[in-house]
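Note sheet for the following structure.
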Amino acid sequence: MQADAVAGHRSLSSLDKACVATLALLALATLIVPLLARRDPLAIGDVLTLRLLPPFARDSHGEFHLLGTDRFGRDLFVRMMLAGRLSLAVGVVGSVLAAAVGTLIGAAAAWRGGAIDTISMAIADALLSIPRLVLLLVCASLWQPGLTTVVVVLVATGWMGVARLVRGEVLGVRTQPYVDAATALGARPARVLLRHALPNALGPAIVATTLGVGNAILLESGLSFLGLGIQPPSPSWGNMIAGGRDLIVAAPWVAIAPGLALIMTVLACTLLGDSLRDRLAGEAGMTLRDRA
């Protein structure tokens, strides 16, 4: 009965499967759709005949436009998938790098203690006391806007929470008997940390990384919307929404389509991260009951 309960707990729910399928389908579409496009999604087309065609329309050449065209006659669906490629890449890379930096800092602070712990956590607390959006705006305004700047800014402003989570987990793990056993057998402190303590403290960091992907995509879109992120003609969901805000009455699909894609992606990442957090919390609770 207990094994069945554990298996049922670990199996994916319908909502989890829907989130995974949505993200997988979106990632596949961002890779394939721009490659199959007949025209360059960055090139300006025949503005007079192709400008602001509605969704499901055909142009004068007989080409079908699933989501219509923008003010420059470019296919909106192809550009949205190309923008999704950049937004997903920025979200995943920025979140993973921020988690890696936070994991290293938090693990080193907990393992070494002393001045390293005090200084690193003081810096993390000071940065956490400032709203992340303010940090993002300040950093983005100091450097040249672009893809690299957005990733660096996301990493520089996103490592603090993961560092505190990993620090707390490592402080708890280092008191476990297997850590003392490895130390007694002569393993060096770095090996004990990397091989025994850190792998057992990565659960919260993985959850934070999953939740951070959606947050990073949303922040990148916000920066691009304000003109501080990815710059045109390279499409991003943020600058596509910004480019269509003055057309919200005449051609609402120009801003609504990338906005819906952004909402769907962030929602799927958030729901998947919440499910993973609940799953890890449930497994931890079952482990404590088994020990009792």
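Each chain in the structure tokens gets a letter, A, B and so on, in the order shown; residues start at 1 in every chain, and ligands are counted from 1 in the order they appear.
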
Hey, what's within 9 Å of Glu220 in chain A if we count only C-alpha atoms and toss same-chain stuff fewer than 5 positions away? As a list in words, please?
Ser87, Val90, Gly91, Val150, Val151, Leu154, Asn215, Phe225, Gly229, Ile230, Ser236, Trp237 and Gly238 of chain A

Residues of range 114-202 of chain A in alpha helix (DSSP H) according to DSSP, as a VMD selection string?
chain A and resid 114 to 128 132 to 142 147 to 156 160 to 173 177 to 184 189 to 192

Write a file of the selected residues as a short mmCIF file (atom, residue, chain, number, x, y, z; two decimals), in the first residue's frame, keeping C-alpha atoms.
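Here's the written file selection-v4.cif:
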```cif
data_model
loop_
_atom_site.label_atom_id
_atom_site.label_comp_id
_atom_site.auth_asym_id
_atom_site.auth_seq_id
_atom_site.Cartn_x
_atom_site.Cartn_y
_atom_site.Cartn_z
CA GLY A 114 32.87 32.41 9.38
CA ALA A 115 33.56 35.59 7.44
CA ILE A 116 32.64 34.02 4.08
CA ASP A 117 29.20 33.11 5.37
CA THR A 118 28.64 36.48 7.02
CA ILE A 119 29.76 38.60 4.07
CA SER A 120 28.03 36.59 1.34
CA MET A 121 24.71 36.44 3.19
CA ALA A 122 24.94 40.14 4.04
CA ILE A 123 25.35 40.94 0.35
CA ALA A 124 22.45 38.63 -0.53
CA ASP A 125 20.21 40.21 2.12
CA ALA A 126 21.11 43.71 0.96
CA LEU A 127 20.26 42.88 -2.66
CA LEU A 128 17.07 41.06 -1.65
CA ARG A 132 14.38 43.10 -8.37
CA LEU A 133 12.64 45.20 -11.00
CA VAL A 134 14.48 48.28 -9.72
CA LEU A 135 17.80 46.43 -9.89
CA LEU A 136 16.97 45.26 -13.40
CA LEU A 137 16.12 48.76 -14.59
CA VAL A 138 19.26 50.27 -13.06
CA CYS A 139 21.57 47.59 -14.48
CA ALA A 140 19.91 47.60 -17.90
CA SER A 141 20.17 51.39 -18.13
CA LEU A 142 23.90 51.31 -17.37
CA LEU A 147 20.59 39.77 -25.40
CA THR A 148 23.86 39.38 -23.46
CA THR A 149 23.03 42.31 -21.20
CA VAL A 150 19.62 40.85 -20.35
CA VAL A 151 21.13 37.46 -19.39
CA VAL A 152 23.89 39.06 -17.28
CA VAL A 153 21.36 41.30 -15.51
CA LEU A 154 19.04 38.35 -14.79
CA VAL A 155 21.93 36.38 -13.29
CA ALA A 156 23.23 39.33 -11.27
CA MET A 160 20.35 35.64 -3.91
CA GLY A 161 17.22 33.62 -3.17
CA VAL A 162 18.79 30.38 -4.39
CA ALA A 163 21.90 31.07 -2.32
CA ARG A 164 19.87 31.36 0.86
CA LEU A 165 17.88 28.21 0.09
CA VAL A 166 21.00 26.14 -0.63
CA ARG A 167 22.77 27.53 2.43
CA GLY A 168 19.93 26.42 4.69
CA GLU A 169 19.81 22.96 3.13
CA VAL A 170 23.58 22.44 3.35
CA LEU A 171 23.56 23.52 7.01
CA GLY A 172 21.01 20.78 7.67
CA VAL A 173 22.69 18.13 5.54
CA PRO A 177 25.63 10.74 9.78
CA TYR A 178 26.78 9.96 6.24
CA VAL A 179 28.65 13.28 6.10
CA ASP A 180 30.42 12.45 9.38
CA ALA A 181 31.19 8.97 8.06
CA ALA A 182 32.72 10.33 4.87
CA THR A 183 34.84 12.76 6.88
CA ALA A 184 35.96 10.00 9.26
CA PRO A 189 36.14 18.64 2.74
CA ALA A 190 35.62 19.65 -0.90
CA ARG A 191 34.88 16.05 -1.89
CA VAL A 192 32.46 15.61 1.01
#
```

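If you look at CA of Thr210 in chain A and CA of Thr30 in chain A, they are 19.7 Å away from each other.
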
Between A:Asn200, A:Gln176, A:Thr22, A:Ser234, which has the minimum distance to Pro41 in chain A (counting only C-alpha atoms)?
A:Ser234

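Taking CA of Ser275 in chain A and CA of Ser95 in chain A as the two end points, the separation is 18.0 Å.
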
If we count only C-alpha atoms and set the cut-off at 8 Å, which residues sit around Thr270 in chain A, ignoring sequence neighbours fewer than 2 positions away in its own chain? Please answer as an MDAnalysis selection string.
chainID A and resid 210:211 214 266:268 272:274

At a cut-off of 10 Å, can you tabulate as a tab-separated table every residue of range 27-132 of chain A near range 248-265 of chain A together with its closest atom pair and the distance in Å to one decimal, using only C-alpha atoms and ordering rows by chain then number?
```
residue	atom	partner	partner_atom	distance
A:Leu52	CA	A:Ala251	CA	6.7
A:Leu53	CA	A:Ala251	CA	8.6
A:Pro54	CA	A:Trp253	CA	7.6
A:Pro55	CA	A:Trp253	CA	7.5
A:Leu67	CA	A:Trp253	CA	7.2
A:Gly68	CA	A:Trp253	CA	7.6
A:Thr69	CA	A:Val254	CA	7.5
A:Asp70	CA	A:Val254	CA	6.0
A:Arg71	CA	A:Val254	CA	8.5
A:Leu76	CA	A:Val254	CA	7.2
A:Phe77	CA	A:Ala257	CA	8.2
A:Arg79	CA	A:Pro258	CA	9.3
A:Met80	CA	A:Pro258	CA	6.2
A:Met81	CA	A:Pro258	CA	9.1
A:Ala83	CA	A:Pro258	CA	8.6
A:Gly84	CA	A:Ala261	CA	8.1
A:Ser87	CA	A:Leu262	CA	8.9
A:Leu88	CA	A:Thr265	CA	8.7
```

Generate the output file for the selected residues, all heavy atoms, as a compact mmCIF listing (two decimals), in the first residue's frame.
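The file below, result.txt, is the result:
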```txt
# COMPACT_ATOMS: atom_id res chain seq x y z
N LEU A 52 -0.87 44.74 -41.90
CA LEU A 52 -2.00 44.56 -40.96
C LEU A 52 -3.10 43.69 -41.54
O LEU A 52 -4.30 44.00 -41.42
CB LEU A 52 -2.57 45.91 -40.52
CG LEU A 52 -1.60 46.84 -39.76
CD1 LEU A 52 -2.29 48.13 -39.39
CD2 LEU A 52 -1.05 46.15 -38.53
N LEU A 53 -2.70 42.57 -42.13
CA LEU A 53 -3.70 41.58 -42.54
C LEU A 53 -4.24 40.89 -41.29
O LEU A 53 -3.49 40.58 -40.37
CB LEU A 53 -3.08 40.55 -43.48
CG LEU A 53 -2.64 41.06 -44.86
CD1 LEU A 53 -2.00 39.93 -45.65
CD2 LEU A 53 -3.82 41.65 -45.64
N PRO A 54 -5.55 40.62 -41.23
CA PRO A 54 -6.12 39.98 -40.03
C PRO A 54 -5.74 38.50 -39.96
O PRO A 54 -5.24 37.93 -40.93
CB PRO A 54 -7.63 40.16 -40.23
CG PRO A 54 -7.79 40.23 -41.71
CD PRO A 54 -6.56 40.94 -42.24
N PRO A 55 -5.96 37.88 -38.82
CA PRO A 55 -5.68 36.43 -38.70
C PRO A 55 -6.46 35.62 -39.72
O PRO A 55 -7.56 35.98 -40.13
CB PRO A 55 -6.12 36.12 -37.26
CG PRO A 55 -5.99 37.42 -36.54
CD PRO A 55 -6.35 38.48 -37.54
N LEU A 67 -1.83 34.17 -37.97
CA LEU A 67 -2.13 35.23 -37.00
C LEU A 67 -2.09 36.61 -37.64
O LEU A 67 -2.04 37.62 -36.93
CB LEU A 67 -1.15 35.18 -35.84
CG LEU A 67 -1.18 33.91 -34.99
CD1 LEU A 67 -0.13 33.97 -33.89
CD2 LEU A 67 -2.56 33.70 -34.38
N GLY A 68 -2.11 36.68 -38.96
CA GLY A 68 -2.09 37.97 -39.64
C GLY A 68 -0.67 38.51 -39.78
O GLY A 68 0.31 37.79 -39.62
N THR A 69 -0.58 39.80 -40.09
CA THR A 69 0.71 40.46 -40.27
C THR A 69 0.78 41.72 -39.42
O THR A 69 -0.24 42.22 -38.93
CB THR A 69 0.92 40.84 -41.75
OG1 THR A 69 -0.13 41.73 -42.16
CG2 THR A 69 0.90 39.60 -42.64
N ASP A 70 2.00 42.23 -39.27
CA ASP A 70 2.18 43.44 -38.48
C ASP A 70 2.19 44.66 -39.40
O ASP A 70 1.87 44.58 -40.58
CB ASP A 70 3.46 43.35 -37.64
CG ASP A 70 4.72 43.22 -38.50
OD1 ASP A 70 4.62 43.33 -39.74
OD2 ASP A 70 5.79 42.99 -37.93
N ARG A 71 2.58 45.80 -38.87
CA ARG A 71 2.53 47.04 -39.63
C ARG A 71 3.52 47.08 -40.80
O ARG A 71 3.38 47.90 -41.70
CB ARG A 71 2.80 48.22 -38.68
CG ARG A 71 4.22 48.30 -38.19
CD ARG A 71 4.42 49.54 -37.33
NE ARG A 71 3.79 49.38 -36.03
CZ ARG A 71 3.22 50.39 -35.37
NH1 ARG A 71 3.17 51.58 -35.91
NH2 ARG A 71 2.70 50.18 -34.18
N LEU A 76 3.02 37.46 -38.53
CA LEU A 76 3.05 37.60 -37.08
C LEU A 76 3.34 36.28 -36.38
O LEU A 76 4.05 36.24 -35.37
CB LEU A 76 1.71 38.18 -36.59
CG LEU A 76 1.67 38.65 -35.14
CD1 LEU A 76 2.65 39.79 -34.92
CD2 LEU A 76 0.26 39.10 -34.77
N PHE A 77 2.82 35.18 -36.92
CA PHE A 77 3.04 33.88 -36.28
C PHE A 77 4.51 33.48 -36.35
O PHE A 77 5.09 33.00 -35.37
CB PHE A 77 2.17 32.82 -36.95
CG PHE A 77 2.34 31.44 -36.38
CD1 PHE A 77 1.97 31.17 -35.07
CD2 PHE A 77 2.86 30.41 -37.15
CE1 PHE A 77 2.13 29.90 -34.54
CE2 PHE A 77 3.02 29.14 -36.62
CZ PHE A 77 2.66 28.88 -35.31
N ARG A 79 7.11 35.48 -36.66
CA ARG A 79 7.87 36.38 -35.78
C ARG A 79 7.64 36.03 -34.31
O ARG A 79 8.56 36.11 -33.50
CB ARG A 79 7.47 37.83 -36.04
CG ARG A 79 8.09 38.41 -37.29
CD ARG A 79 7.71 39.87 -37.47
NE ARG A 79 8.07 40.69 -36.31
CZ ARG A 79 9.30 41.15 -36.08
NH1 ARG A 79 10.28 40.85 -36.92
NH2 ARG A 79 9.53 41.90 -35.03
N MET A 80 6.43 35.62 -33.98
CA MET A 80 6.15 35.27 -32.60
C MET A 80 6.91 34.02 -32.18
O MET A 80 7.39 33.92 -31.05
CB MET A 80 4.64 35.06 -32.41
CG MET A 80 4.20 35.02 -30.95
SD MET A 80 2.42 34.94 -30.80
CE MET A 80 2.11 33.26 -31.31
N MET A 81 7.04 33.05 -33.08
CA MET A 81 7.81 31.85 -32.77
C MET A 81 9.30 32.16 -32.69
O MET A 81 10.01 31.61 -31.85
CB MET A 81 7.56 30.78 -33.83
CG MET A 81 6.15 30.19 -33.80
SD MET A 81 5.74 29.37 -32.22
CE MET A 81 4.72 30.65 -31.43
N ALA A 83 10.48 35.06 -31.78
CA ALA A 83 10.60 35.76 -30.50
C ALA A 83 10.56 34.78 -29.33
O ALA A 83 11.28 34.95 -28.34
CB ALA A 83 9.48 36.79 -30.37
N GLY A 84 9.71 33.75 -29.46
CA GLY A 84 9.66 32.74 -28.41
C GLY A 84 10.97 32.01 -28.24
O GLY A 84 11.35 31.63 -27.13
N SER A 87 13.04 34.39 -26.17
CA SER A 87 12.51 34.54 -24.81
C SER A 87 12.72 33.27 -23.98
O SER A 87 13.12 33.34 -22.81
CB SER A 87 11.03 34.89 -24.86
OG SER A 87 10.82 36.15 -25.47
N LEU A 88 12.47 32.10 -24.57
CA LEU A 88 12.70 30.85 -23.86
C LEU A 88 14.18 30.65 -23.56
O LEU A 88 14.55 30.20 -22.46
CB LEU A 88 12.16 29.68 -24.67
CG LEU A 88 10.64 29.53 -24.75
CD1 LEU A 88 10.27 28.40 -25.71
CD2 LEU A 88 10.06 29.24 -23.37
```

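Of the residues under consideration (A:Ile241, A:Ala205, A:Leu226, A:Leu247), A:Ala205 shows the shortest atom-to-atom contact distance to Leu280 in chain A when counting only C-alpha atoms.
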
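Closest approach to Pro233 in chain A among A:Leu82, A:Leu31, A:Leu26, A:Ile130 is made by A:Leu82 (distances from only C-alpha atoms).
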
Rounded to one decimal in Å, what is the spacing between CA of Leu97 in chain A and CA of Trp159 in chain A?
8.3 Å

Residue among A:Leu223, A:Ile206, A:Met240, A:Cys269 lying closest to Ala100 in chain A, counting only C-alpha atoms
A:Ile206

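Near Gly62 in chain A, within 12 Å and counting only C-alpha atoms, sit Thr49, Leu50, Phe56 and Ala57 of chain A; same-chain residues fewer than 5 positions away were not included.
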
Keeping only all heavy atoms, write the selected residues to a file as a PDB file, in the first residue's frame.
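Saved the output as again_20.pdb:
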```
ATOM      1  N   THR A  49       0.524  46.104 -49.572  1.00  0.00           N
ATOM      2  CA  THR A  49      -0.412  44.993 -49.758  1.00  0.00           C
ATOM      3  C   THR A  49      -0.445  44.016 -48.589  1.00  0.00           C
ATOM      4  O   THR A  49      -1.419  43.274 -48.448  1.00  0.00           O
ATOM      5  CB  THR A  49      -0.055  44.212 -51.036  1.00  0.00           C
ATOM      6  OG1 THR A  49       1.288  43.712 -50.919  1.00  0.00           O
ATOM      7  CG2 THR A  49      -0.156  45.113 -52.256  1.00  0.00           C
ATOM      8  N   LEU A  50       0.603  43.989 -47.762  1.00  0.00           N
ATOM      9  CA  LEU A  50       0.683  43.004 -46.686  1.00  0.00           C
ATOM     10  C   LEU A  50       0.462  43.599 -45.304  1.00  0.00           C
ATOM     11  O   LEU A  50       0.377  42.850 -44.329  1.00  0.00           O
ATOM     12  CB  LEU A  50       2.060  42.324 -46.713  1.00  0.00           C
ATOM     13  CG  LEU A  50       2.427  41.550 -47.980  1.00  0.00           C
ATOM     14  CD1 LEU A  50       3.833  40.978 -47.853  1.00  0.00           C
ATOM     15  CD2 LEU A  50       1.420  40.442 -48.230  1.00  0.00           C
ATOM     16  N   PHE A  56      -5.858  34.491 -40.154  1.00  0.00           N
ATOM     17  CA  PHE A  56      -6.439  33.553 -41.111  1.00  0.00           C
ATOM     18  C   PHE A  56      -6.641  34.175 -42.501  1.00  0.00           C
ATOM     19  O   PHE A  56      -7.475  33.703 -43.276  1.00  0.00           O
ATOM     20  CB  PHE A  56      -7.772  32.990 -40.611  1.00  0.00           C
ATOM     21  CG  PHE A  56      -7.712  32.400 -39.242  1.00  0.00           C
ATOM     22  CD1 PHE A  56      -8.291  33.062 -38.164  1.00  0.00           C
ATOM     23  CD2 PHE A  56      -7.054  31.202 -39.004  1.00  0.00           C
ATOM     24  CE1 PHE A  56      -8.237  32.528 -36.891  1.00  0.00           C
ATOM     25  CE2 PHE A  56      -6.994  30.670 -37.734  1.00  0.00           C
ATOM     26  CZ  PHE A  56      -7.583  31.323 -36.671  1.00  0.00           C
ATOM     27  N   ALA A  57      -5.882  35.219 -42.799  1.00  0.00           N
ATOM     28  CA  ALA A  57      -6.026  35.886 -44.093  1.00  0.00           C
ATOM     29  C   ALA A  57      -4.986  35.362 -45.081  1.00  0.00           C
ATOM     30  O   ALA A  57      -3.955  34.816 -44.699  1.00  0.00           O
ATOM     31  CB  ALA A  57      -5.869  37.400 -43.930  1.00  0.00           C
TER      32      ALA A  57
END
```

Check the smallest atom-to-atom distance from each of A:Arg51, A:Ala99, A:Pro34, A:Phe64 to Val207 in chain A using only C-alpha atoms, then report the winner.
A:Ala99

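Distances here use only C-alpha atoms; by that measure, the residue among A:Gly222, A:Ala197, A:Ala187, A:Leu42 closest to Pro235 in chain A is A:Leu42.
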